[in-house]
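Just entry-v8.pdb here, PDB, C-alpha atoms, pLDDT in the B column:
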ATOM      1  CA  MET A   1      92.681 119.970 107.292  1.00 96.00           C
ATOM      2  CA  ARG A   2      95.139 117.628 108.944  1.00 96.00           C
ATOM      3  CA  ILE A   3      94.897 113.918 108.121  1.00 98.00           C
ATOM      4  CA  ASP A   4      96.820 111.258 110.053  1.00 98.00           C
ATOM      5  CA  ILE A   5      96.951 107.747 108.616  1.00 98.00           C
ATOM      6  CA  LEU A   6      98.021 104.672 110.608  1.00 98.00           C
ATOM      7  CA  THR A   7      99.308 101.901 108.342  1.00 98.00           C
ATOM      8  CA  LEU A   8     101.793  99.054 108.105  1.00 97.00           C
ATOM      9  CA  PHE A   9     102.755 100.273 104.634  1.00 97.00           C
ATOM     10  CA  PRO A  10     103.241 104.073 104.571  1.00 97.00           C
ATOM     11  CA  GLN A  11     105.140 103.798 101.266  1.00 97.00           C
ATOM     12  CA  MET A  12     101.866 102.987  99.522  1.00 96.00           C
ATOM     13  CA  PHE A  13     100.693 106.575  99.983  1.00 96.00           C
ATOM     14  CA  GLU A  14     103.747 108.359  98.603  1.00 91.00           C
ATOM     15  CA  VAL A  15     102.919 108.208  94.884  1.00 93.00           C
ATOM     16  CA  PRO A  16      99.107 108.648  94.794  1.00 92.00           C
ATOM     17  CA  PHE A  17      99.241 111.933  96.693  1.00 91.00           C
ATOM     18  CA  SER A  18     102.284 113.380  94.940  1.00 93.00           C
ATOM     19  CA  PHE A  19     100.494 114.717  91.863  1.00 91.00           C
ATOM     20  CA  GLY A  20      97.695 116.944  90.629  1.00 92.00           C
ATOM     21  CA  ILE A  21      95.039 118.502  92.807  1.00 92.00           C
ATOM     22  CA  PHE A  22      96.171 116.854  96.028  1.00 93.00           C
ATOM     23  CA  ARG A  23      99.785 117.940  95.550  1.00 94.00           C
ATOM     24  CA  ARG A  24      98.645 121.539  94.998  1.00 94.00           C
ATOM     25  CA  ALA A  25      96.467 121.340  98.096  1.00 95.00           C
ATOM     26  CA  VAL A  26      99.491 120.260 100.147  1.00 94.00           C
ATOM     27  CA  ASP A  27     101.713 122.939  98.606  1.00 94.00           C
ATOM     28  CA  ASN A  28      99.076 125.582  99.370  1.00 95.00           C
ATOM     29  CA  ARG A  29      98.796 124.309 102.942  1.00 95.00           C
ATOM     30  CA  LEU A  30      95.129 123.449 102.549  1.00 96.00           C
ATOM     31  CA  VAL A  31      95.773 119.919 103.755  1.00 97.00           C
ATOM     32  CA  SER A  32      98.490 118.200 105.766  1.00 96.00           C
ATOM     33  CA  LEU A  33      98.970 114.453 105.348  1.00 96.00           C
ATOM     34  CA  ASN A  34     100.882 112.602 108.068  1.00 97.00           C
ATOM     35  CA  LEU A  35     101.744 108.911 107.712  1.00 98.00           C
ATOM     36  CA  HIS A  36     102.396 106.783 110.792  1.00 98.00           C
ATOM     37  CA  ASP A  37     104.007 103.370 110.566  1.00 98.00           C
ATOM     38  CA  ILE A  38     102.188 101.222 113.109  1.00 98.00           C
ATOM     39  CA  ARG A  39     105.379  99.222 113.683  1.00 98.00           C
ATOM     40  CA  ALA A  40     107.086 102.380 114.957  1.00 98.00           C
ATOM     41  CA  TYR A  41     104.851 102.207 118.037  1.00 98.00           C
ATOM     42  CA  THR A  42     105.855  98.675 119.015  1.00 98.00           C
ATOM     43  CA  HIS A  43     108.404  97.974 121.769  1.00 95.00           C
ATOM     44  CA  ASP A  44     109.983  94.632 120.942  1.00 96.00           C
ATOM     45  CA  LYS A  45     113.102  94.191 118.830  1.00 96.00           C
ATOM     46  CA  HIS A  46     111.126  92.580 116.006  1.00 96.00           C
ATOM     47  CA  HIS A  47     108.552  95.420 115.872  1.00 97.00           C
ATOM     48  CA  THR A  48     105.700  92.935 116.101  1.00 97.00           C
ATOM     49  CA  ALA A  49     102.414  94.584 115.109  1.00 97.00           C
ATOM     50  CA  ASP A  50     100.301  91.445 114.643  1.00 97.00           C
ATOM     51  CA  ASP A  51      99.677  88.117 116.333  1.00 97.00           C
ATOM     52  CA  TYR A  52      97.631  84.920 116.047  1.00 95.00           C
ATOM     53  CA  PRO A  53      93.911  85.207 116.886  1.00 94.00           C
ATOM     54  CA  TYR A  54      92.695  83.831 120.218  1.00 95.00           C
ATOM     55  CA  GLY A  55      90.481  80.826 119.647  1.00 95.00           C
ATOM     56  CA  GLY A  56      92.308  79.794 116.517  1.00 92.00           C
ATOM     57  CA  GLY A  57      91.615  80.531 112.891  1.00 90.00           C
ATOM     58  CA  ALA A  58      93.476  81.554 109.772  1.00 89.00           C
ATOM     59  CA  GLY A  59      95.486  84.736 109.399  1.00 92.00           C
ATOM     60  CA  MET A  60      96.928  87.287 111.783  1.00 95.00           C
ATOM     61  CA  VAL A  61      95.303  90.124 113.719  1.00 96.00           C
ATOM     62  CA  LEU A  62      96.760  93.598 114.297  1.00 97.00           C
ATOM     63  CA  LYS A  63      97.604  94.104 117.966  1.00 97.00           C
ATOM     64  CA  PRO A  64      95.835  96.855 119.931  1.00 98.00           C
ATOM     65  CA  GLU A  65      98.868  98.347 121.733  1.00 98.00           C
ATOM     66  CA  PRO A  66     100.647 100.081 118.827  1.00 98.00           C
ATOM     67  CA  ILE A  67      97.381 101.392 117.369  1.00 98.00           C
ATOM     68  CA  PHE A  68      96.232 102.864 120.686  1.00 98.00           C
ATOM     69  CA  GLU A  69      99.658 104.383 121.337  1.00 98.00           C
ATOM     70  CA  ALA A  70      99.832 105.903 117.853  1.00 98.00           C
ATOM     71  CA  VAL A  71      96.452 107.610 118.223  1.00 98.00           C
ATOM     72  CA  GLU A  72      97.263 108.772 121.755  1.00 97.00           C
ATOM     73  CA  SER A  73     100.536 110.245 120.482  1.00 97.00           C
ATOM     74  CA  ILE A  74      98.670 112.118 117.761  1.00 96.00           C
ATOM     75  CA  LYS A  75      96.115 113.461 120.236  1.00 95.00           C
ATOM     76  CA  ALA A  76      98.858 114.597 122.596  1.00 94.00           C
ATOM     77  CA  GLY A  77     100.398 116.707 119.859  1.00 91.00           C
ATOM     78  CA  ILE A  78      97.326 118.637 118.709  1.00 88.00           C
ATOM     79  CA  LYS A  79      95.847 121.855 120.006  1.00 75.00           C
ATOM     80  CA  ASP A  80      92.512 122.057 121.795  1.00 68.00           C
ATOM     81  CA  GLU A  81      91.002 124.367 119.165  1.00 62.00           C
ATOM     82  CA  VAL A  82      91.098 121.634 116.556  1.00 64.00           C
ATOM     83  CA  GLY A  83      87.794 120.402 117.992  1.00 76.00           C
ATOM     84  CA  GLU A  84      86.346 116.908 117.764  1.00 87.00           C
ATOM     85  CA  LEU A  85      88.732 114.342 116.334  1.00 95.00           C
ATOM     86  CA  PRO A  86      87.142 111.522 114.319  1.00 97.00           C
ATOM     87  CA  VAL A  87      89.142 108.275 114.458  1.00 98.00           C
ATOM     88  CA  VAL A  88      87.992 106.245 111.471  1.00 98.00           C
ATOM     89  CA  LEU A  89      88.625 102.522 111.134  1.00 98.00           C
ATOM     90  CA  LEU A  90      88.569 101.325 107.513  1.00 98.00           C
ATOM     91  CA  THR A  91      86.780  97.978 107.612  1.00 95.00           C
ATOM     92  CA  PRO A  92      84.372  95.952 105.435  1.00 94.00           C
ATOM     93  CA  GLN A  93      82.011  95.982 108.427  1.00 94.00           C
ATOM     94  CA  GLY A  94      81.736  99.795 108.527  1.00 96.00           C
ATOM     95  CA  ARG A  95      78.982 102.033 107.216  1.00 97.00           C
ATOM     96  CA  LEU A  96      78.972 102.217 103.443  1.00 97.00           C
ATOM     97  CA  PHE A  97      80.932 105.221 102.168  1.00 98.00           C
ATOM     98  CA  SER A  98      78.822 107.794 100.351  1.00 96.00           C
ATOM     99  CA  GLN A  99      78.947 111.421  99.285  1.00 94.00           C
ATOM    100  CA  SER A 100      76.979 112.451 102.349  1.00 94.00           C
ATOM    101  CA  ILE A 101      79.702 110.909 104.539  1.00 97.00           C
ATOM    102  CA  VAL A 102      82.322 112.726 102.450  1.00 97.00           C
ATOM    103  CA  GLN A 103      80.575 116.022 103.163  1.00 96.00           C
ATOM    104  CA  GLU A 104      80.343 115.114 106.849  1.00 97.00           C
ATOM    105  CA  LEU A 105      84.073 114.393 107.144  1.00 98.00           C
ATOM    106  CA  ALA A 106      85.007 117.516 105.170  1.00 97.00           C
ATOM    107  CA  GLU A 107      83.576 119.623 108.005  1.00 96.00           C
ATOM    108  CA  TYR A 108      86.295 118.483 110.411  1.00 96.00           C
ATOM    109  CA  ARG A 109      89.661 120.186 110.748  1.00 95.00           C
ATOM    110  CA  HIS A 110      91.464 116.960 111.597  1.00 97.00           C
ATOM    111  CA  MET A 111      90.819 113.233 111.203  1.00 98.00           C
ATOM    112  CA  VAL A 112      92.663 109.980 111.845  1.00 98.00           C
ATOM    113  CA  LEU A 113      92.344 106.943 109.572  1.00 98.00           C
ATOM    114  CA  ILE A 114      93.297 103.447 110.740  1.00 98.00           C
ATOM    115  CA  CYS A 115      94.162 100.954 108.007  1.00 98.00           C
ATOM    116  CA  GLY A 116      93.433  97.379 108.988  1.00 92.00           C
ATOM    117  CA  HIS A 117      95.348  94.504 107.426  1.00 90.00           C
ATOM    118  CA  TYR A 118      95.550  90.718 107.442  1.00 86.00           C
ATOM    119  CA  GLU A 119      92.472  89.394 109.315  1.00 87.00           C
ATOM    120  CA  GLY A 120      91.723  92.855 110.692  1.00 91.00           C
ATOM    121  CA  VAL A 121      92.372  94.585 113.996  1.00 96.00           C
ATOM    122  CA  ASP A 122      91.849  93.568 117.609  1.00 97.00           C
ATOM    123  CA  GLU A 123      88.184  94.176 118.501  1.00 97.00           C
ATOM    124  CA  ARG A 124      89.172  96.512 121.337  1.00 97.00           C
ATOM    125  CA  VAL A 125      90.329  99.066 118.755  1.00 98.00           C
ATOM    126  CA  ARG A 126      86.809  99.176 117.334  1.00 97.00           C
ATOM    127  CA  GLU A 127      85.137  99.203 120.752  1.00 97.00           C
ATOM    128  CA  HIS A 128      87.286 101.698 122.633  1.00 98.00           C
ATOM    129  CA  LEU A 129      89.288 103.777 120.132  1.00 98.00           C
ATOM    130  CA  ALA A 130      87.553 104.204 116.777  1.00 98.00           C
ATOM    131  CA  THR A 131      84.748 106.757 116.664  1.00 98.00           C
ATOM    132  CA  ASP A 132      83.596 105.654 113.213  1.00 98.00           C
ATOM    133  CA  GLU A 133      83.916 102.692 110.856  1.00 98.00           C
ATOM    134  CA  ILE A 134      83.776 103.056 107.080  1.00 98.00           C
ATOM    135  CA  SER A 135      83.606 100.546 104.227  1.00 97.00           C
ATOM    136  CA  ILE A 136      84.027 101.587 100.585  1.00 97.00           C
ATOM    137  CA  GLY A 137      81.933  98.671  99.347  1.00 96.00           C
ATOM    138  CA  ASP A 138      80.623  95.190  99.914  1.00 96.00           C
ATOM    139  CA  PHE A 139      83.857  93.431  99.108  1.00 94.00           C
ATOM    140  CA  VAL A 140      87.121  92.611 100.895  1.00 92.00           C
ATOM    141  CA  LEU A 141      90.570  94.013 100.065  1.00 95.00           C
ATOM    142  CA  THR A 142      93.957  92.979 101.407  1.00 93.00           C
ATOM    143  CA  GLY A 143      94.095  96.022 103.668  1.00 96.00           C
ATOM    144  CA  GLY A 144      92.661  99.424 104.504  1.00 97.00           C
ATOM    145  CA  GLU A 145      95.249 101.429 102.573  1.00 97.00           C
ATOM    146  CA  ILE A 146      93.313 101.719  99.317  1.00 97.00           C
ATOM    147  CA  PRO A 147      90.042 102.557 101.134  1.00 98.00           C
ATOM    148  CA  ALA A 148      91.947 105.248 103.063  1.00 98.00           C
ATOM    149  CA  MET A 149      93.161 106.718  99.757  1.00 98.00           C
ATOM    150  CA  VAL A 150      89.582 106.785  98.502  1.00 98.00           C
ATOM    151  CA  VAL A 151      88.355 108.552 101.623  1.00 98.00           C
ATOM    152  CA  VAL A 152      91.172 111.111 101.558  1.00 98.00           C
ATOM    153  CA  ASP A 153      90.736 111.885  97.854  1.00 96.00           C
ATOM    154  CA  ALA A 154      86.966 112.323  98.165  1.00 97.00           C
ATOM    155  CA  VAL A 155      87.196 114.520 101.285  1.00 97.00           C
ATOM    156  CA  VAL A 156      90.099 116.741 100.220  1.00 97.00           C
ATOM    157  CA  ARG A 157      88.456 117.810  96.947  1.00 95.00           C
ATOM    158  CA  LEU A 158      85.599 119.334  98.971  1.00 95.00           C
ATOM    159  CA  LEU A 159      87.871 121.528 101.084  1.00 96.00           C
ATOM    160  CA  PRO A 160      87.630 125.252 100.281  1.00 94.00           C
ATOM    161  CA  GLY A 161      90.246 126.337  97.747  1.00 94.00           C
ATOM    162  CA  VAL A 162      91.261 122.851  96.607  1.00 95.00           C
ATOM    163  CA  LEU A 163      89.371 122.844  93.319  1.00 91.00           C
ATOM    164  CA  GLY A 164      89.628 125.639  90.775  1.00 71.00           C
ATOM    165  CA  SER A 165      86.043 126.721  91.328  1.00 67.00           C
ATOM    166  CA  GLU A 166      83.959 126.537  94.484  1.00 68.00           C
ATOM    167  CA  ASP A 167      81.024 125.465  92.291  1.00 62.00           C
ATOM    168  CA  SER A 168      82.880 122.485  90.798  1.00 64.00           C
ATOM    169  CA  PRO A 169      81.633 119.867  93.293  1.00 68.00           C
ATOM    170  CA  LEU A 170      78.026 121.099  93.325  1.00 61.00           C
ATOM    171  CA  ASP A 171      76.896 119.190  90.244  1.00 62.00           C
ATOM    172  CA  ASP A 172      78.954 116.051  90.888  1.00 68.00           C
ATOM    173  CA  SER A 173      77.195 112.714  90.823  1.00 66.00           C
ATOM    174  CA  HIS A 174      75.702 111.887  94.268  1.00 70.00           C
ATOM    175  CA  THR A 175      76.174 115.419  95.652  1.00 72.00           C
ATOM    176  CA  SER A 176      72.445 116.022  95.246  1.00 78.00           C
ATOM    177  CA  GLY A 177      71.632 112.346  95.589  1.00 87.00           C
ATOM    178  CA  LEU A 178      71.379 111.920  91.802  1.00 93.00           C
ATOM    179  CA  LEU A 179      73.806 111.277  88.952  1.00 93.00           C
ATOM    180  CA  GLU A 180      75.460 114.105  87.022  1.00 91.00           C
ATOM    181  CA  TYR A 181      74.351 115.228  83.558  1.00 93.00           C
ATOM    182  CA  PRO A 182      76.489 114.417  80.461  1.00 95.00           C
ATOM    183  CA  GLN A 183      79.484 116.665  79.782  1.00 94.00           C
ATOM    184  CA  TYR A 184      80.879 117.722  76.367  1.00 96.00           C
ATOM    185  CA  THR A 185      83.792 119.820  75.111  1.00 95.00           C
ATOM    186  CA  ARG A 186      85.383 120.735  71.759  1.00 95.00           C
ATOM    187  CA  PRO A 187      85.130 119.719  68.978  1.00 96.00           C
ATOM    188  CA  ALA A 188      81.392 120.197  68.489  1.00 96.00           C
ATOM    189  CA  ASP A 189      81.409 117.340  65.972  1.00 96.00           C
ATOM    190  CA  TYR A 190      83.647 114.302  66.307  1.00 97.00           C
ATOM    191  CA  ARG A 191      83.383 111.437  63.841  1.00 97.00           C
ATOM    192  CA  GLY A 192      79.824 112.433  63.142  1.00 97.00           C
ATOM    193  CA  TRP A 193      78.846 112.506  66.816  1.00 96.00           C
ATOM    194  CA  SER A 194      77.560 115.991  67.570  1.00 97.00           C
ATOM    195  CA  VAL A 195      77.223 117.882  70.813  1.00 97.00           C
ATOM    196  CA  PRO A 196      73.523 118.488  71.655  1.00 97.00           C
ATOM    197  CA  GLU A 197      72.441 121.743  70.005  1.00 97.00           C
ATOM    198  CA  VAL A 198      71.006 123.167  73.211  1.00 97.00           C
ATOM    199  CA  LEU A 199      74.515 123.329  74.710  1.00 97.00           C
ATOM    200  CA  LEU A 200      75.676 125.491  71.775  1.00 97.00           C
ATOM    201  CA  SER A 201      72.660 127.810  71.909  1.00 97.00           C
ATOM    202  CA  GLY A 202      73.851 130.154  74.645  1.00 96.00           C
ATOM    203  CA  ASN A 203      70.367 129.979  76.171  1.00 97.00           C
ATOM    204  CA  HIS A 204      71.216 129.332  79.811  1.00 97.00           C
ATOM    205  CA  GLY A 205      67.626 128.691  80.814  1.00 97.00           C
ATOM    206  CA  GLN A 206      67.220 125.967  78.194  1.00 97.00           C
ATOM    207  CA  ILE A 207      70.630 124.527  79.070  1.00 97.00           C
ATOM    208  CA  ALA A 208      69.676 124.313  82.752  1.00 96.00           C
ATOM    209  CA  LYS A 209      66.390 122.617  81.840  1.00 96.00           C
ATOM    210  CA  TRP A 210      68.157 120.122  79.536  1.00 97.00           C
ATOM    211  CA  ARG A 211      70.732 119.294  82.200  1.00 96.00           C
ATOM    212  CA  ARG A 212      68.055 118.697  84.820  1.00 95.00           C
ATOM    213  CA  GLU A 213      66.215 116.378  82.453  1.00 96.00           C
ATOM    214  CA  GLN A 214      69.429 114.496  81.751  1.00 96.00           C
ATOM    215  CA  ILE A 215      70.082 114.122  85.484  1.00 95.00           C
ATOM    216  CA  ILE A 216      66.673 112.527  85.977  1.00 96.00           C
ATOM    217  CA  ARG A 217      66.947 110.393  82.840  1.00 96.00           C
ATOM    218  CA  ARG A 218      70.449 109.116  83.617  1.00 96.00           C
ATOM    219  CA  THR A 219      69.597 108.344  87.246  1.00 95.00           C
ATOM    220  CA  LEU A 220      66.454 106.484  86.209  1.00 96.00           C
ATOM    221  CA  GLU A 221      68.390 104.429  83.669  1.00 95.00           C
ATOM    222  CA  ARG A 222      71.442 103.632  85.794  1.00 96.00           C
ATOM    223  CA  ARG A 223      70.553 103.998  89.493  1.00 94.00           C
ATOM    224  CA  PRO A 224      66.733 104.119  89.770  1.00 95.00           C
ATOM    225  CA  GLU A 225      66.864 103.368  93.504  1.00 94.00           C
ATOM    226  CA  LEU A 226      68.387 106.824  94.072  1.00 94.00           C
ATOM    227  CA  LEU A 227      65.174 108.487  92.902  1.00 95.00           C
ATOM    228  CA  ASP A 228      63.270 106.917  95.798  1.00 92.00           C
ATOM    229  CA  LYS A 229      65.404 108.859  98.284  1.00 88.00           C
ATOM    230  CA  ALA A 230      65.776 112.090  96.273  1.00 91.00           C
ATOM    231  CA  ASN A 231      63.929 115.307  97.043  1.00 90.00           C
ATOM    232  CA  LEU A 232      62.165 115.774  93.690  1.00 93.00           C
ATOM    233  CA  GLY A 233      60.001 118.703  92.642  1.00 93.00           C
ATOM    234  CA  LEU A 234      56.710 118.387  90.777  1.00 95.00           C
ATOM    235  CA  GLU A 235      58.332 118.732  87.337  1.00 94.00           C
ATOM    236  CA  ASP A 236      60.929 116.100  88.215  1.00 95.00           C
ATOM    237  CA  ARG A 237      58.258 113.647  89.373  1.00 95.00           C
ATOM    238  CA  GLN A 238      56.250 114.230  86.228  1.00 96.00           C
ATOM    239  CA  LEU A 239      59.346 113.610  84.100  1.00 95.00           C
ATOM    240  CA  VAL A 240      60.084 110.387  85.987  1.00 96.00           C
ATOM    241  CA  LYS A 241      56.520 109.252  85.347  1.00 95.00           C
ATOM    242  CA  ARG A 242      56.742 110.031  81.604  1.00 95.00           C
ATOM    243  CA  LEU A 243      60.105 108.317  81.217  1.00 94.00           C
ATOM    244  CA  THR A 244      58.987 105.278  83.196  1.00 93.00           C
ATOM    245  CA  THR A 245      55.830 104.962  81.074  1.00 93.00           C
ATOM    246  CA  LYS A 246      57.879 105.286  77.895  1.00 89.00           C
ATOM    247  CA  ARG A 247      60.362 102.609  79.024  1.00 87.00           C
ATOM    248  CA  SER A 248      57.539 100.259  79.931  1.00 86.00           C
ATOM    249  CA  GLN A 249      55.977 100.750  76.509  1.00 85.00           C
ATOM    250  CA  VAL A 250      59.301 100.079  74.774  1.00 80.00           C
ATOM    251  CA  ASN A 251      59.779  96.886  76.750  1.00 82.00           C
ATOM    252  CA  THR A 252      56.239  95.780  75.952  1.00 80.00           C
ATOM    253  CA  ASP A 253      56.806  96.403  72.241  1.00 78.00           C
ATOM    254  CA  ARG A 254      60.012  94.351  72.331  1.00 79.00           C
ATOM    255  CA  GLU A 255      58.294  91.405  73.989  1.00 78.00           C
ATOM    256  CA  SER A 256      55.348  91.386  71.608  1.00 71.00           C
TER     257      SER A 256
END

Kindly present the structure from the file in structure tokens form.
Amino acid sequence: MRIDILTLFPQMFEVPFSFGIFRRAVDNRLVSLNLHDIRAYTHDKHHTADDYPYGGGAGMVLKPEPIFEAVESIKAGIKDEVGELPVVLLTPQGRLFSQSIVQELAEYRHMVLICGHYEGVDERVREHLATDEISIGDFVLTGGEIPAMVVVDAVVRLLPGVLGSEDSPLDDSHTSGLLEYPQYTRPADYRGWSVPEVLLSGNHGQIAKWRREQIIRRTLERRPELLDKANLGLEDRQLVKRLTTKRSQVNTDRES
């Protein structure tokens, strides 16, 4: 996959993507990361990339010209067989980032990310250039650089060959719409806290059953709203009912 990022601060991306899994992905040519300084596409001697908002107001707004020209330059340099090119604007007003969006973006061979800054970008970028808008949460950051890092990290780990095992992402939290089961490693006993016996039994059927129960239990305890959207089987629904009844009884006992 090729990823092009438009930003006022390309230096911000140098360290986060220089280590670990992402670095190996780059070295193995599984992903290509290209940083574009928006100021490089300006034409005045001061490299002006922002200006005051029409109508007044606080802050500065990123100008449309350098952003349009940067994306057009990228498009001019790619081959037709790359296919559809998503141009993603990172903005608090975008659709809320989720694992399903990660999986959607991972299907592309190329994507462009636009990092807003200051008061944002000229509205014409959103209307006539961006094909998608993404927010990583209901809060506001100083710019789109950190959200872009989040998007890149989440998408790249799903690309074939990036992780050590192709099965690694399958049980991740949110991949199935639910939270992941608890994980343990050696030692089997640490300060008196023991690993659940079922995980040491070697009985893969019982382990799978225990893990599924933990997925349901943990999701119910921490993110119950996810269960409303999940595709649950009969056994899962029965477990949810038992756990919910048990929790209600415990709460009743505490109040009495």

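For the pair atom CA of A:Gln183 and atom CA of A:Lys246, the interatomic distance is 24.5 Å.
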
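Applied to the shown file, the PyMOL selection byres ((chain A and resi 61) around 12) selects the residues Thr48, Ala49, Asp50, Asp51, Tyr52, Pro53, Tyr54, Gly56, Gly57, Ala58, Gly59, Met60, Leu62, Lys63, Pro64, Gly116, His117, Tyr118, Glu119, Gly120, Val121, Asp122, Glu123, Arg124, Val125 and Gly143 of chain A.
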
Just how far from atom CA of A:Gly164 is atom CA of A:Gln206, in Å to one decimal?
-> 25.7 Å

Suppose you want the space between atom CA of A:Leu30 and atom CA of A:Gly161; what is it in Å?
->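 Going from atom CA of A:Leu30 over to atom CA of A:Gly161, I get 7.4 Å.
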
Give as a list in words the residues that the PyMOL selection byres ((chain A and resi 39) around 9) matches when applied to the coordinates above.
->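 Applying the expression gives Thr7, Leu8, His36, Asp37, Ile38, Ala40, Tyr41, Thr42, His43, His47, Thr48, Ala49 and Pro66 of chain A.
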
Pull out every residue that the PyMOL selection byres ((chain A and resi 226-233) around 12) matches in the shown coordinates and put them as a list in words.
-> Ser173, His174, Thr175, Ser176, Gly177, Leu178, Leu179, Arg212, Glu213, Ile215, Ile216, Arg217, Arg218, Thr219, Leu220, Glu221, Arg222, Arg223, Pro224, Glu225, Leu234, Glu235, Asp236, Arg237, Gln238, Leu239, Val240, Lys241 and Thr244 of chain A

With C-alpha atoms retained, export the selected residues as a PDB file, in the coordinates of the input.
ATOM      1  CA  SER A 173      77.195 112.714  90.823  1.00 66.00           C
ATOM      2  CA  HIS A 174      75.702 111.887  94.268  1.00 70.00           C
ATOM      3  CA  THR A 175      76.174 115.419  95.652  1.00 72.00           C
ATOM      4  CA  SER A 176      72.445 116.022  95.246  1.00 78.00           C
ATOM      5  CA  GLY A 177      71.632 112.346  95.589  1.00 87.00           C
ATOM      6  CA  LEU A 178      71.379 111.920  91.802  1.00 93.00           C
ATOM      7  CA  LEU A 179      73.806 111.277  88.952  1.00 93.00           C
ATOM      8  CA  ARG A 212      68.055 118.697  84.820  1.00 95.00           C
ATOM      9  CA  GLU A 213      66.215 116.378  82.453  1.00 96.00           C
ATOM     10  CA  ILE A 215      70.082 114.122  85.484  1.00 95.00           C
ATOM     11  CA  ILE A 216      66.673 112.527  85.977  1.00 96.00           C
ATOM     12  CA  ARG A 217      66.947 110.393  82.840  1.00 96.00           C
ATOM     13  CA  ARG A 218      70.449 109.116  83.617  1.00 96.00           C
ATOM     14  CA  THR A 219      69.597 108.344  87.246  1.00 95.00           C
ATOM     15  CA  LEU A 220      66.454 106.484  86.209  1.00 96.00           C
ATOM     16  CA  GLU A 221      68.390 104.429  83.669  1.00 95.00           C
ATOM     17  CA  ARG A 222      71.442 103.632  85.794  1.00 96.00           C
ATOM     18  CA  ARG A 223      70.553 103.998  89.493  1.00 94.00           C
ATOM     19  CA  PRO A 224      66.733 104.119  89.770  1.00 95.00           C
ATOM     20  CA  GLU A 225      66.864 103.368  93.504  1.00 94.00           C
ATOM     21  CA  LEU A 234      56.710 118.387  90.777  1.00 95.00           C
ATOM     22  CA  GLU A 235      58.332 118.732  87.337  1.00 94.00           C
ATOM     23  CA  ASP A 236      60.929 116.100  88.215  1.00 95.00           C
ATOM     24  CA  ARG A 237      58.258 113.647  89.373  1.00 95.00           C
ATOM     25  CA  GLN A 238      56.250 114.230  86.228  1.00 96.00           C
ATOM     26  CA  LEU A 239      59.346 113.610  84.100  1.00 95.00           C
ATOM     27  CA  VAL A 240      60.084 110.387  85.987  1.00 96.00           C
ATOM     28  CA  LYS A 241      56.520 109.252  85.347  1.00 95.00           C
ATOM     29  CA  THR A 244      58.987 105.278  83.196  1.00 93.00           C
TER      30      THR A 244
END

Which polymer residues have any atom within 12 Å of an atom of A:Val198, counting all atoms listed in the file, with same-chain residues fewer than 6 positions away left out, as a PyMOL selection string?
-> chain A and resi 184+188+204-211

Closest to A:Glu84 among A:Glu69, A:Leu96, A:Pro160, A:His110, using all atoms listed in the file?
-> A:His110

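When all atoms listed in the file are used to measure the gap to A:Arg95, the shortest distance among A:Gly202, A:Gly83, A:Pro187, A:Gly137 belongs to A:Gly137.
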
Would you list the contacts of A:Arg126 as a list in words, taking every protein, DNA or RNA residue within 9 Å and counting all atoms listed in the file, but skipping same-chain residues closer than 6 positions in sequence?
->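 In the requested format, the answer is Leu89, Asp132 and Glu133 of chain A.
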